[in-house]
file upload.txt (compact mmCIF, C-alpha atoms and all ligand atoms)
# COMPACT_ATOMS: atom_id res chain seq x y z
CA MET A 1 -0.45 39.54 -21.36
CA LEU A 2 0.32 36.53 -23.50
CA ASN A 3 -2.74 34.37 -23.21
CA SER A 4 -6.30 35.47 -23.08
CA ASP A 5 -8.11 32.17 -23.54
CA THR A 6 -8.47 31.46 -19.82
CA GLU A 7 -11.86 32.14 -18.30
CA PRO A 8 -12.71 35.79 -17.73
CA ALA A 9 -12.03 36.97 -14.20
CA ALA A 10 -15.03 37.24 -11.89
CA GLU A 11 -14.10 40.87 -11.47
CA PRO A 12 -11.28 42.97 -12.86
CA PRO A 13 -7.82 41.63 -11.94
CA ALA A 14 -6.54 42.77 -8.60
CA ARG A 15 -4.15 45.28 -9.98
CA VAL A 16 -3.93 49.01 -9.63
CA CYS A 17 -1.19 51.42 -10.54
CA HIS A 18 -0.13 53.63 -7.67
CA ASP A 19 3.03 55.60 -8.27
CA ASP A 20 4.29 52.75 -10.44
CA LEU A 21 3.71 50.31 -7.59
CA VAL A 22 1.14 47.58 -8.09
CA ARG A 23 0.23 45.47 -5.09
CA TYR A 24 -1.68 42.20 -5.27
CA GLU A 25 -3.43 40.26 -2.54
CA LEU A 26 -4.98 36.82 -2.73
CA ASP A 27 -6.72 36.24 0.59
CA GLY A 28 -8.19 32.81 1.30
CA VAL A 29 -6.62 30.79 -1.51
CA GLU A 30 -5.27 27.23 -1.14
CA LEU A 31 -1.48 27.41 -1.34
CA TRP A 32 1.41 24.96 -1.69
CA ASP A 33 4.72 26.64 -0.90
CA GLY A 34 7.27 24.50 -2.77
CA THR A 35 7.58 21.98 0.04
CA ALA A 36 4.21 21.52 1.70
CA ALA A 37 0.56 22.61 1.63
CA ARG A 38 -0.28 25.59 3.80
CA GLY A 39 -4.07 25.50 3.48
CA ALA A 40 -6.06 28.67 2.93
CA SER A 41 -3.53 31.49 2.84
CA ARG A 42 -3.20 35.21 2.35
CA ILE A 43 -0.37 36.15 -0.01
CA VAL A 44 0.62 39.71 -0.88
CA TRP A 45 3.17 40.76 -3.46
CA GLU A 46 4.12 43.75 -5.50
CA ASP A 47 4.95 44.48 -9.07
CA GLY A 48 6.92 47.61 -9.76
CA ARG A 49 9.78 47.46 -7.30
CA GLY A 50 10.95 43.90 -7.63
CA GLU A 51 10.64 43.27 -3.94
CA GLY A 52 9.02 39.90 -4.24
CA ILE A 53 6.50 38.40 -1.84
CA ARG A 54 5.67 40.90 0.87
CA SER A 55 3.81 38.58 3.20
CA LEU A 56 2.41 35.08 3.39
CA GLU A 57 0.30 33.96 6.31
CA PRO A 58 -2.70 31.74 7.09
CA ALA A 59 -6.02 33.22 5.95
CA ASP A 60 -8.91 33.63 8.34
CA ALA A 61 -11.04 31.50 6.04
CA PRO A 62 -11.11 30.11 2.50
CA ASP A 63 -12.60 32.58 0.03
CA PRO A 64 -15.29 31.09 -2.24
CA ARG A 65 -13.91 33.17 -5.13
CA PHE A 66 -10.94 30.79 -5.16
CA ASP A 67 -12.97 27.58 -5.01
CA GLY A 68 -11.17 24.83 -6.90
CA LEU A 69 -8.06 26.97 -7.40
CA SER A 70 -4.65 26.89 -5.78
CA VAL A 71 -1.37 28.76 -5.87
CA ILE A 72 1.98 27.05 -6.33
CA PRO A 73 5.48 28.39 -7.07
CA GLY A 74 6.36 28.75 -10.75
CA LEU A 75 8.04 25.66 -12.20
CA ILE A 76 11.75 25.57 -12.97
CA ASP A 77 13.03 23.60 -15.97
CA THR A 78 16.74 23.11 -15.30
CA HIS A 79 17.66 21.82 -18.77
CA VAL A 80 16.43 23.33 -22.02
CA HIS A 81 17.75 24.43 -25.39
CA LEU A 82 15.78 27.52 -26.30
CA ILE A 83 17.27 27.80 -29.74
CA GLY A 84 17.71 24.20 -30.82
CA TYR A 85 15.85 24.17 -34.09
CA ALA A 86 12.81 25.94 -35.45
CA GLY A 87 12.16 24.16 -38.73
CA ALA A 88 9.69 21.43 -39.65
CA PRO A 89 9.68 18.13 -37.71
CA GLY A 90 12.27 15.77 -39.14
CA GLY A 91 13.81 18.58 -41.14
CA ALA A 92 17.21 17.89 -42.66
CA GLU A 93 18.48 21.23 -41.36
CA PHE A 94 18.06 20.11 -37.72
CA PHE A 95 21.82 20.04 -37.24
CA THR A 96 22.66 23.28 -39.01
CA TRP A 97 19.72 25.59 -38.24
CA PRO A 98 21.45 27.25 -35.24
CA LEU A 99 24.47 27.92 -37.43
CA THR A 100 22.73 29.20 -40.55
CA THR A 101 20.06 31.36 -38.92
CA ARG A 102 20.77 34.95 -38.04
CA PRO A 103 21.09 35.58 -34.30
CA GLU A 104 18.35 38.23 -34.48
CA GLU A 105 15.94 35.58 -35.77
CA GLN A 106 17.13 33.04 -33.21
CA VAL A 107 16.34 35.45 -30.39
CA LEU A 108 12.74 35.66 -31.56
CA HIS A 109 12.38 31.88 -31.67
CA GLY A 110 13.96 31.67 -28.22
CA LEU A 111 11.50 34.18 -26.84
CA ALA A 112 8.55 32.34 -28.40
CA ASN A 113 9.77 29.07 -26.89
CA ALA A 114 10.25 30.69 -23.49
CA ARG A 115 6.71 32.05 -23.58
CA ALA A 116 5.30 28.65 -24.55
CA ALA A 117 6.87 27.21 -21.40
CA LEU A 118 5.56 30.16 -19.39
CA ALA A 119 1.99 29.41 -20.49
CA ALA A 120 2.39 25.96 -18.89
CA GLY A 121 3.50 27.51 -15.60
CA VAL A 122 7.29 27.47 -16.07
CA THR A 123 8.74 30.70 -14.68
CA THR A 124 12.46 29.84 -14.86
CA LEU A 125 14.36 28.14 -17.68
CA ARG A 126 18.00 27.11 -17.68
CA ASP A 127 19.51 26.90 -21.16
CA LEU A 128 22.41 24.46 -21.25
CA SER A 129 23.94 25.31 -24.62
CA ALA A 130 23.88 29.06 -24.49
CA ASP A 131 25.82 31.66 -26.38
CA ASP A 132 25.33 35.37 -26.98
CA VAL A 133 21.77 34.81 -28.23
CA GLN A 134 20.63 33.40 -24.87
CA PHE A 135 22.78 35.78 -22.83
CA SER A 136 21.14 38.71 -24.64
CA LEU A 137 17.64 37.28 -24.35
CA GLY A 138 18.20 36.55 -20.66
CA ARG A 139 19.19 40.17 -20.02
CA ALA A 140 16.19 41.49 -21.95
CA LEU A 141 13.87 39.26 -19.91
CA ALA A 142 15.54 40.20 -16.62
CA GLY A 143 15.25 43.87 -17.46
CA GLY A 144 11.59 43.63 -18.36
CA ILE A 145 12.32 44.72 -21.94
CA VAL A 146 10.25 41.75 -23.09
CA ASP A 147 7.81 39.65 -21.06
CA GLY A 148 8.69 36.04 -20.32
CA PRO A 149 10.16 33.67 -17.76
CA ARG A 150 13.54 34.05 -16.09
CA LEU A 151 16.36 32.65 -18.17
CA LEU A 152 19.61 31.23 -16.81
CA ALA A 153 22.18 30.48 -19.50
CA HIS A 154 25.15 28.09 -19.35
CA GLY A 155 27.89 28.20 -21.97
CA MET A 156 28.99 24.85 -23.42
CA VAL A 157 32.64 23.84 -23.15
CA GLY A 158 33.05 20.85 -25.46
CA MET A 159 36.02 19.11 -27.04
CA THR A 160 36.71 18.74 -30.75
CA GLY A 161 34.80 15.66 -31.88
CA GLY A 162 32.86 15.56 -28.62
CA HIS A 163 29.12 15.40 -27.95
CA ALA A 164 28.40 19.07 -28.68
CA ASP A 165 30.74 19.30 -31.66
CA LEU A 166 29.12 16.28 -33.34
CA PHE A 167 25.83 18.13 -33.68
CA THR A 168 27.53 19.93 -36.56
CA PRO A 169 28.30 17.79 -39.63
CA ALA A 170 32.07 17.26 -39.95
CA ALA A 171 32.42 19.09 -43.27
CA PHE A 172 30.32 22.08 -42.18
CA PRO A 173 32.53 25.17 -42.02
CA ILE A 174 30.68 27.18 -39.34
CA ARG A 175 31.01 25.58 -35.90
CA LYS A 176 30.35 26.31 -32.25
CA PRO A 177 33.50 26.86 -30.18
CA THR A 178 35.42 23.87 -28.85
CA ALA A 179 38.30 23.67 -26.39
CA ASP A 180 41.11 21.11 -26.19
CA GLY A 181 43.64 21.01 -23.40
CA PRO A 182 43.23 22.48 -19.91
CA ASP A 183 44.36 25.98 -20.88
CA ALA A 184 41.93 26.26 -23.80
CA CYS A 185 39.15 24.95 -21.55
CA ARG A 186 39.92 27.60 -18.95
CA ARG A 187 39.95 30.27 -21.60
CA LEU A 188 36.53 29.29 -22.95
CA VAL A 189 35.08 29.32 -19.42
CA ARG A 190 36.52 32.82 -18.98
CA GLU A 191 35.04 33.98 -22.27
CA TYR A 192 31.59 32.77 -21.20
CA ALA A 193 32.01 34.48 -17.83
CA ARG A 194 32.90 37.71 -19.61
CA ALA A 195 29.84 37.36 -21.85
CA GLY A 196 27.54 37.09 -18.83
CA ALA A 197 26.92 33.36 -18.52
CA ASP A 198 25.17 32.05 -15.42
CA GLY A 199 27.08 28.78 -15.55
CA ILE A 200 29.00 26.25 -17.61
CA LYS A 201 27.97 23.02 -19.33
CA VAL A 202 30.32 20.17 -20.11
CA ALA A 203 29.89 16.68 -21.53
CA THR A 204 31.80 13.81 -19.94
CA SER A 205 30.37 11.16 -22.24
CA GLY A 206 29.06 11.02 -25.79
CA GLY A 207 25.39 11.48 -26.60
CA VAL A 208 22.32 10.35 -28.49
CA LEU A 209 21.52 13.07 -31.01
CA SER A 210 25.15 13.85 -31.84
CA GLN A 211 25.86 12.03 -35.09
CA GLY A 212 28.71 9.55 -35.39
CA ASP A 213 28.94 9.69 -31.60
CA ARG A 214 28.68 6.91 -29.04
CA ALA A 215 27.16 7.41 -25.62
CA ALA A 216 29.96 5.38 -24.06
CA TRP A 217 32.75 7.51 -25.47
CA ARG A 218 34.82 9.59 -23.08
CA ASN A 219 34.61 13.36 -23.50
CA HIS A 220 37.51 15.42 -22.14
CA THR A 221 40.46 14.22 -20.11
CA ASP A 222 40.34 14.38 -16.33
CA ALA A 223 42.80 17.27 -16.48
CA GLU A 224 40.46 19.20 -18.78
CA LEU A 225 37.43 18.53 -16.57
CA ASP A 226 39.35 19.61 -13.48
CA ALA A 227 40.37 22.83 -15.24
CA ILE A 228 36.81 23.57 -16.40
CA VAL A 229 35.24 23.01 -12.98
CA ASP A 230 38.03 24.81 -11.13
CA GLU A 231 37.83 27.85 -13.40
CA ALA A 232 34.03 27.95 -13.41
CA HIS A 233 33.80 27.73 -9.64
CA ALA A 234 36.51 30.36 -9.24
CA LEU A 235 34.29 32.68 -11.29
CA GLY A 236 31.12 31.78 -9.40
CA LEU A 237 29.65 29.64 -12.17
CA PRO A 238 27.99 26.27 -11.44
CA VAL A 239 28.79 23.39 -13.79
CA ALA A 240 26.22 21.04 -15.33
CA ALA A 241 27.64 17.86 -16.84
CA HIS A 242 26.00 15.80 -19.59
CA ALA A 243 26.75 12.13 -18.84
CA HIS A 244 25.05 8.93 -19.94
CA SER A 245 27.73 6.36 -19.14
CA GLU A 246 28.89 5.05 -15.78
CA ASP A 247 32.40 6.28 -16.56
CA GLY A 248 31.11 9.71 -17.55
CA ILE A 249 29.08 10.04 -14.36
CA ARG A 250 32.02 8.96 -12.20
CA ARG A 251 34.39 11.41 -13.86
CA ALA A 252 31.88 14.24 -13.54
CA LEU A 253 31.57 13.53 -9.81
CA ASP A 254 35.37 13.27 -9.48
CA ALA A 255 35.69 16.71 -11.05
CA GLY A 256 33.16 18.22 -8.64
CA VAL A 257 30.36 19.27 -10.98
CA ASP A 258 27.14 20.66 -9.54
CA SER A 259 24.58 18.69 -11.53
CA ILE A 260 24.48 15.72 -13.87
CA GLU A 261 22.26 15.74 -16.91
CA HIS A 262 20.66 12.43 -17.98
CA ALA A 263 22.75 10.10 -15.71
CA THR A 264 21.10 7.31 -17.65
CA LEU A 265 23.33 4.44 -16.55
CA ILE A 266 23.96 5.55 -12.97
CA THR A 267 24.90 2.75 -10.56
CA ALA A 268 23.89 2.39 -6.92
CA GLU A 269 27.38 3.42 -5.80
CA LEU A 270 27.39 6.54 -7.97
CA ALA A 271 23.85 7.46 -6.95
CA GLU A 272 24.89 7.39 -3.30
CA ARG A 273 28.02 9.40 -4.07
CA ALA A 274 26.02 12.03 -5.94
CA ALA A 275 23.39 12.21 -3.21
CA ALA A 276 26.07 12.62 -0.51
CA ALA A 277 27.75 15.38 -2.55
CA GLY A 278 24.48 17.25 -3.12
CA VAL A 279 24.73 16.74 -6.87
CA THR A 280 21.31 16.78 -8.57
CA VAL A 281 20.23 14.91 -11.69
CA ALA A 282 17.83 15.89 -14.48
CA PRO A 283 16.73 12.54 -15.91
CA THR A 284 15.32 13.92 -19.23
CA LEU A 285 12.94 10.97 -19.64
CA LEU A 286 10.61 12.14 -22.40
CA ILE A 287 13.25 13.07 -24.93
CA ASN A 288 15.05 9.75 -24.76
CA ASP A 289 11.75 7.85 -24.88
CA ARG A 290 10.69 9.77 -27.96
CA ILE A 291 14.00 9.31 -29.77
CA ALA A 292 13.98 5.61 -28.84
CA SER A 293 10.47 5.28 -30.33
CA GLY A 294 12.04 5.30 -33.80
CA ASP A 295 9.51 7.86 -35.04
CA PRO A 296 11.42 9.51 -37.92
CA ARG A 297 10.26 12.94 -36.76
CA TYR A 298 12.55 12.46 -33.78
CA GLY A 299 15.76 11.78 -35.62
CA SER A 300 17.94 9.28 -37.37
CA ALA A 301 17.95 5.52 -37.02
CA GLU A 302 21.38 5.91 -35.42
CA SER A 303 19.94 8.13 -32.67
CA ALA A 304 16.98 5.80 -32.13
CA GLU A 305 19.25 2.79 -31.75
CA LYS A 306 21.47 4.60 -29.22
CA ALA A 307 18.47 5.84 -27.24
CA ARG A 308 16.93 2.37 -27.12
CA ALA A 309 20.16 0.87 -25.79
CA LEU A 310 20.13 3.43 -22.97
CA VAL A 311 16.42 3.48 -22.18
CA VAL A 312 16.13 -0.28 -21.85
CA ARG A 313 18.37 -0.15 -18.77
CA ARG A 314 17.46 3.31 -17.55
CA ASP A 315 14.23 3.04 -15.57
CA ALA A 316 15.37 0.30 -13.16
CA LEU A 317 18.62 2.18 -12.47
CA LEU A 318 16.89 5.52 -11.87
CA THR A 319 14.22 3.94 -9.66
CA ASP A 320 16.98 2.45 -7.53
CA ALA A 321 18.90 5.74 -7.48
CA ALA A 322 15.80 7.61 -6.27
CA ALA A 323 15.32 5.08 -3.49
CA ARG A 324 18.93 5.82 -2.44
CA GLY A 325 18.10 9.49 -2.03
CA LEU A 326 19.41 10.90 -5.31
CA ASP A 327 17.84 14.30 -5.86
CA PHE A 328 16.25 14.26 -9.32
CA VAL A 329 14.97 17.61 -10.58
CA LEU A 330 12.87 18.73 -13.52
CA GLY A 331 15.00 19.04 -16.64
CA THR A 332 13.32 18.24 -19.93
CA ASP A 333 16.03 18.91 -22.52
CA ALA A 334 13.21 20.71 -24.36
CA ASN A 335 14.37 22.05 -27.71
CA GLY A 336 10.99 22.79 -29.27
CA HIS A 337 11.29 19.69 -31.39
CA HIS A 338 11.76 16.38 -29.55
CA VAL A 339 10.30 17.93 -26.42
CA ARG A 340 8.22 21.06 -26.77
CA PHE A 341 8.22 23.99 -24.43
CA GLY A 342 5.14 23.38 -22.31
CA ASP A 343 5.75 19.62 -22.07
CA GLU A 344 7.19 20.09 -18.56
CA PRO A 345 4.10 18.70 -16.75
CA ASP A 346 4.32 15.55 -18.91
CA GLU A 347 7.97 15.13 -17.91
CA LEU A 348 6.93 15.44 -14.26
CA ARG A 349 4.31 12.72 -14.66
CA ALA A 350 6.97 10.50 -16.26
CA MET A 351 9.29 11.21 -13.31
CA ALA A 352 6.60 10.28 -10.78
CA ARG A 353 6.04 6.99 -12.59
CA VAL A 354 9.69 6.02 -13.07
CA LEU A 355 11.01 7.27 -9.73
CA GLY A 356 8.08 5.99 -7.71
CA TRP A 357 7.40 9.42 -6.25
CA SER A 358 4.25 11.00 -4.85
CA ALA A 359 2.78 14.03 -6.59
CA GLU A 360 4.13 16.27 -3.83
CA ARG A 361 7.68 14.89 -3.99
CA THR A 362 7.62 15.28 -7.78
CA LEU A 363 6.38 18.85 -7.57
CA GLN A 364 9.22 19.66 -5.17
CA ALA A 365 11.59 18.49 -7.92
CA ALA A 366 10.16 21.21 -10.17
CA THR A 367 10.16 23.99 -7.55
CA SER A 368 12.18 24.18 -4.33
CA ARG A 369 14.63 21.43 -5.23
CA ALA A 370 15.05 22.64 -8.82
CA ALA A 371 15.78 26.12 -7.46
CA ALA A 372 18.50 24.69 -5.22
CA ALA A 373 19.87 22.75 -8.20
CA VAL A 374 20.32 25.97 -10.20
CA LYS A 375 21.79 27.73 -7.14
CA ARG A 376 18.80 30.07 -6.71
CA GLY A 377 17.22 28.37 -3.72
CA ASP A 378 17.41 31.58 -1.69
CA THR A 379 14.70 33.30 -3.75
CA LEU A 380 13.16 30.93 -6.33
CA GLY A 381 11.01 27.81 -6.21
CA LYS A 382 9.24 28.66 -2.99
CA LEU A 383 6.49 30.88 -1.68
CA GLU A 384 7.41 32.73 1.48
CA ALA A 385 7.86 36.34 2.52
CA GLY A 386 10.92 37.73 0.74
CA ALA A 387 10.98 35.10 -2.02
CA SER A 388 10.50 36.14 -5.64
CA ALA A 389 6.87 36.52 -6.67
CA ASP A 390 7.01 33.79 -9.31
CA LEU A 391 3.80 31.81 -8.99
CA VAL A 392 1.05 29.97 -10.79
CA VAL A 393 -2.68 30.01 -10.10
CA VAL A 394 -4.00 26.66 -11.23
CA ARG A 395 -7.26 24.71 -11.17
CA GLY A 396 -6.90 21.74 -8.84
CA ARG A 397 -4.22 20.78 -6.33
CA PRO A 398 -1.20 19.47 -8.23
CA TRP A 399 0.64 18.42 -5.04
CA LEU A 400 -2.15 15.88 -4.50
CA ASP A 401 -2.81 15.05 -8.16
CA LEU A 402 -0.19 15.75 -10.83
CA ASP A 403 -2.83 15.31 -13.50
CA ALA A 404 -4.16 18.74 -12.50
CA LEU A 405 -0.96 20.27 -13.81
CA ARG A 406 -1.88 20.93 -17.43
CA PRO A 407 -1.62 24.07 -19.54
CA GLU A 408 -5.42 24.24 -19.84
CA ASN A 409 -5.69 24.40 -16.03
CA VAL A 410 -3.33 27.35 -15.73
CA VAL A 411 -5.37 30.39 -14.70
CA ALA A 412 -2.54 32.89 -14.28
CA VAL A 413 1.25 32.95 -14.29
CA VAL A 414 3.14 35.63 -12.39
CA VAL A 415 6.85 36.38 -12.88
CA ARG A 416 8.69 38.98 -10.81
CA GLY A 417 5.31 40.02 -9.43
CA ARG A 418 3.85 40.71 -12.86
CA VAL A 419 0.89 38.81 -14.32
CA LEU A 420 2.19 37.60 -17.68
CA VAL A 421 -0.32 34.86 -18.54
CA GLY A 422 -4.07 34.78 -17.94
CA ALA A 423 -5.68 36.86 -15.22
CA LEU A 424 -5.90 36.69 -11.44
CA PRO A 425 -9.26 35.45 -10.26
CA GLY A 426 -10.80 38.47 -8.65
CA GLY A 427 -8.37 39.23 -5.86
CA SER A 428 -8.21 42.46 -3.94
CA VAL A 429 -6.00 45.48 -3.91
CA ILE A 430 -3.98 47.20 -1.24
CA ARG A 431 -2.86 50.75 -1.79
ZN ZN B 1 20.52 19.01 -23.46
call {"tool": "encode", "arguments": {"input": "upload.txt", "output": "structure tokens"}}
result
Amino acid sequence: MLNSDTEPAAEPPARVCHDDLVRYELDGVELWDGTAARGASRIVWEDGRGEGIRSLEPADAPDPRFDGLSVIPGLIDTHVHLIGYAGAPGGAEFFTWPLTTRPEEQVLHGLANARAALAAGVTTLRDLSADDVQFSLGRALAGGIVDGPRLLAHGMVGMTGGHADLFTPAAFPIRKPTADGPDACRRLVREYARAGADGIKVATSGGVLSQGDRAAWRNHTDAELDAIVDEAHALGLPVAAHAHSEDGIRRALDAGVDSIEHATLITAELAERAAAAGVTVAPTLLINDRIASGDPRYGSAESAEKARALVVRRDALLTDAAARGLDFVLGTDANGHHVRFGDEPDELRAMARVLGWSAERTLQAATSRAAAAVKRGDTLGKLEAGASADLVVVRGRPWLDLDALRPENVVAVVVRGRVLVGALPGGSVIR
């Protein structure tokens, strides 16, 4: 149990140990299943065997114990950096912290960040610059060694002098791996696969926080991108591509990536191409707005200037792309610094505003559609019999009013059937 400052349950939580099997039932609670509202429902799941949701059906009647509450699937943040930086805001060590901090210490910060997101109702995180720290943490979470959300981890394949490499000052001797040439790119993909990565991340354009970089710069040759995507897909790994520029987005689509991160300057033609190919986009609105604000806590003047140049054109392009059917999903780029873990609901509200979406359409982008984007749509992001028991009990009905989705309204968060945050509001027990 991570959070005890929710209201006390009306009666003890609906949980009983029975030969290591714990079965929960919420009968008569309002439920939204990841796509649509189901009204008063009866949902039963188990903790102890990992079997997920046992049944979900209409309830005979709403239960007054659940007045004002509802159940939704746990949120999925498709783009985070669990171990970006853990120092003071605006700290000079922002760019070197991950390289000068022992991995054992990084794991602890990563776990704390993951739990902060969990308290806001996020039950799956996808780290897009992962190495052994995240792979290890992900295994510990999956195995129930430590409590927290699910963690998917993509290894970064970046070129020398590219977006990822320019996070490390040029003269700094310790660096993250880079790969140049198709063969080296393939090798790095294979090394990540061997280490247990869930996917691969590439950059096809420069970035905002990378210093001395330009968002318009090309990253990787087409031959390198083709090799990365071909090798990743051959090994069952989806590829997420960072791209701000039109050229970067086009080249990512040409290479056959699975998702595009940022897509800031996407054109109508590229939006339609991506939509037709089933490629999703995480628009990462908050982080670029905050960097563009020029607040020194959020980075250098160079970064602010680059972010402003992108943001000024972004909203109109993304609004148009959404109208053309592009499938935007929740991806905050949270690193605990520019965007905190737990800011996910704020990112969703920004998406609703910029994309012109209803609360329900926006919530789909954080649940069922985000699950599909991370290739886990078979079990995550939805509530139905057989799906994973990853769910949130919340005050209000967020699919009607996104403002209800706030950490202080989270009553309980369940991951893999286990109550990890808060307490269930007086359910019942089946033996
Ligand atoms: Zn990122």
call {"tool": "closest_residue", "arguments": {"input": "upload.txt", "among": "A:Ala366, A:Val411, A:Ala195, A:Leu209", "to": "Ala304 in chain A", "atoms": "all atoms listed in the file"}}
result
A:Leu209
call {"tool": "closest_atom_pairs", "arguments": {"input": "upload.txt", "of": "chain A", "to": "ligand ZN 1 (chain B)", "cutoff": "8 Å", "atoms": "only C-alpha atoms and all ligand atoms", "output": "Markdown table"}}
result
| residue | atom | partner | partner_atom | distance |
| --- | --- | --- | --- | --- |
| A:His79 | CA | B:ZN1 | ZN | 6.2 |
| A:Val80 | CA | B:ZN1 | ZN | 6.1 |
| A:His81 | CA | B:ZN1 | ZN | 6.4 |
| A:Leu128 | CA | B:ZN1 | ZN | 6.2 |
| A:Ser129 | CA | B:ZN1 | ZN | 7.3 |
| A:His242 | CA | B:ZN1 | ZN | 7.4 |
| A:Glu261 | CA | B:ZN1 | ZN | 7.5 |
| A:Asp333 | CA | B:ZN1 | ZN | 4.6 |
| A:Ala334 | CA | B:ZN1 | ZN | 7.6 |
call {"tool": "residues_around", "arguments": {"input": "upload.txt", "residues": "Val329 in chain A", "least_positions_apart": "5", "cutoff": "7 Å", "atoms": "all atoms listed in the file", "output": "list in words"}}
result
Thr280, Val281, Ala282, Ala365, Ala366, Arg369 and Ala370 of chain A
call {"tool": "write_last_selection", "arguments": {"input": "upload.txt", "atoms": "C-alpha atoms", "output": "PDB file, keeping the file's coordinate frame"}}
result
ATOM      1  CA  THR A 280      21.310  16.780  -8.570  1.00  0.00           C
ATOM      2  CA  VAL A 281      20.230  14.910 -11.690  1.00  0.00           C
ATOM      3  CA  ALA A 282      17.830  15.890 -14.480  1.00  0.00           C
ATOM      4  CA  ALA A 365      11.590  18.490  -7.920  1.00  0.00           C
ATOM      5  CA  ALA A 366      10.160  21.210 -10.170  1.00  0.00           C
ATOM      6  CA  ARG A 369      14.630  21.430  -5.230  1.00  0.00           C
ATOM      7  CA  ALA A 370      15.050  22.640  -8.820  1.00  0.00           C
TER       8      ALA A 370
END
call {"tool": "residues_around", "arguments": {"input": "upload.txt", "residues": "Gly138 in chain A", "least_positions_apart": "3", "cutoff": "8 Å", "atoms": "only C-alpha atoms", "output": "PyMOL selection string"}}
result
chain A and resi 134-135+141-142+150-153
call {"tool": "closest_atom_pairs", "arguments": {"input": "upload.txt", "of": "range 301-332 of chain A", "to": "range 110-123 of chain A", "cutoff": "12 Å", "atoms": "all atoms listed in the file", "output": "CSV"}}
result
residue,atom,partner,partner_atom,distance
A:Leu330,CA,A:Val122,CA,10.7
A:Gly331,CA,A:Val122,CA,11.4
A:Thr332,CA,A:Ala117,CA,11.1
call {"tool": "write_last_selection", "arguments": {"input": "upload.txt", "atoms": "C-alpha atoms", "output": "mmCIF file, in the coordinates of the input"}}
result
data_model
loop_
_atom_site.group_PDB
_atom_site.id
_atom_site.type_symbol
_atom_site.label_atom_id
_atom_site.label_comp_id
_atom_site.auth_asym_id
_atom_site.auth_seq_id
_atom_site.Cartn_x
_atom_site.Cartn_y
_atom_site.Cartn_z
ATOM 1 C CA LEU A 330 12.870 18.730 -13.520
ATOM 2 C CA GLY A 331 15.000 19.040 -16.640
ATOM 3 C CA THR A 332 13.320 18.240 -19.930
#
call {"tool": "closest_residue", "arguments": {"input": "upload.txt", "among": "A:Leu348, A:Ala307, A:Val202, A:Ala36", "to": "His220 in chain A", "atoms": "only C-alpha atoms"}}
result
A:Val202
call {"tool": "atom_distance", "arguments": {"input": "upload.txt", "atom1": "CA of Leu253 in chain A", "atom2": "CA of Ala216 in chain A"}}
result
16.5 Å
call {"tool": "closest_residue", "arguments": {"input": "upload.txt", "among": "A:Val312, A:Val421, A:Leu166, A:Ala385", "to": "Glu51 in chain A", "atoms": "only C-alpha atoms"}}
result
A:Ala385
call {"tool": "atom_distance", "arguments": {"input": "upload.txt", "atom1": "CA of Asp198 in chain A", "atom2": "CA of Ser210 in chain A"}}
result
24.5 Å
call {"tool": "residues_around", "arguments": {"input": "upload.txt", "residues": "Leu56 in chain A", "least_positions_apart": "4", "cutoff": "8 Å", "atoms": "all atoms listed in the file", "output": "list of chain:residue names"}}
result
A:Ser41, A:Arg42, A:Ile43, A:Val44, A:Leu383, A:Glu384, A:Ala385
call {"tool": "closest_residue", "arguments": {"input": "upload.txt", "among": "A:Gly377, A:Gly28, A:Gly422, A:Gly148", "to": "Leu108 in chain A", "atoms": "only C-alpha atoms"}}
result
A:Gly148
call {"tool": "closest_residue", "arguments": {"input": "upload.txt", "among": "A:Gly325, A:Gly74, A:Pro407, A:Pro103", "to": "Ala275 in chain A", "atoms": "all atoms listed in the file"}}
result
A:Gly325
call {"tool": "closest_residue", "arguments": {"input": "upload.txt", "among": "A:Ile200, A:Val71, A:Val29, A:Leu125", "to": "Arg376 in chain A", "atoms": "all atoms listed in the file"}}
result
A:Leu125
call {"tool": "decode", "arguments": {"input": "upload.txt", "residues": "range 178-185 of chain A", "atoms": "N, CA and C atoms", "output": "short mmCIF file (atom, residue, chain, number, x, y, z; two decimals), in the first residue's frame"}}
result
data_model
loop_
_atom_site.label_atom_id
_atom_site.label_comp_id
_atom_site.auth_asym_id
_atom_site.auth_seq_id
_atom_site.Cartn_x
_atom_site.Cartn_y
_atom_site.Cartn_z
N THR A 178 26.14 4.66 -28.78
CA THR A 178 25.65 5.18 -30.06
C THR A 178 25.94 4.13 -31.12
N ALA A 179 25.33 4.28 -32.28
CA ALA A 179 25.56 3.34 -33.37
C ALA A 179 25.56 4.09 -34.69
N ASP A 180 26.60 3.85 -35.50
CA ASP A 180 26.74 4.51 -36.80
C ASP A 180 26.95 3.45 -37.87
N GLY A 181 26.16 3.55 -38.90
CA GLY A 181 26.21 2.54 -39.97
C GLY A 181 25.19 1.45 -39.69
N PRO A 182 24.62 0.89 -40.75
CA PRO A 182 23.55 -0.12 -40.57
C PRO A 182 23.97 -1.30 -39.70
N ASP A 183 25.19 -1.79 -39.86
CA ASP A 183 25.59 -2.97 -39.08
C ASP A 183 25.67 -2.67 -37.59
N ALA A 184 26.23 -1.50 -37.25
CA ALA A 184 26.32 -1.14 -35.83
C ALA A 184 24.92 -0.92 -35.26
N CYS A 185 24.02 -0.38 -36.07
CA CYS A 185 22.65 -0.17 -35.60
C CYS A 185 21.98 -1.52 -35.32
#
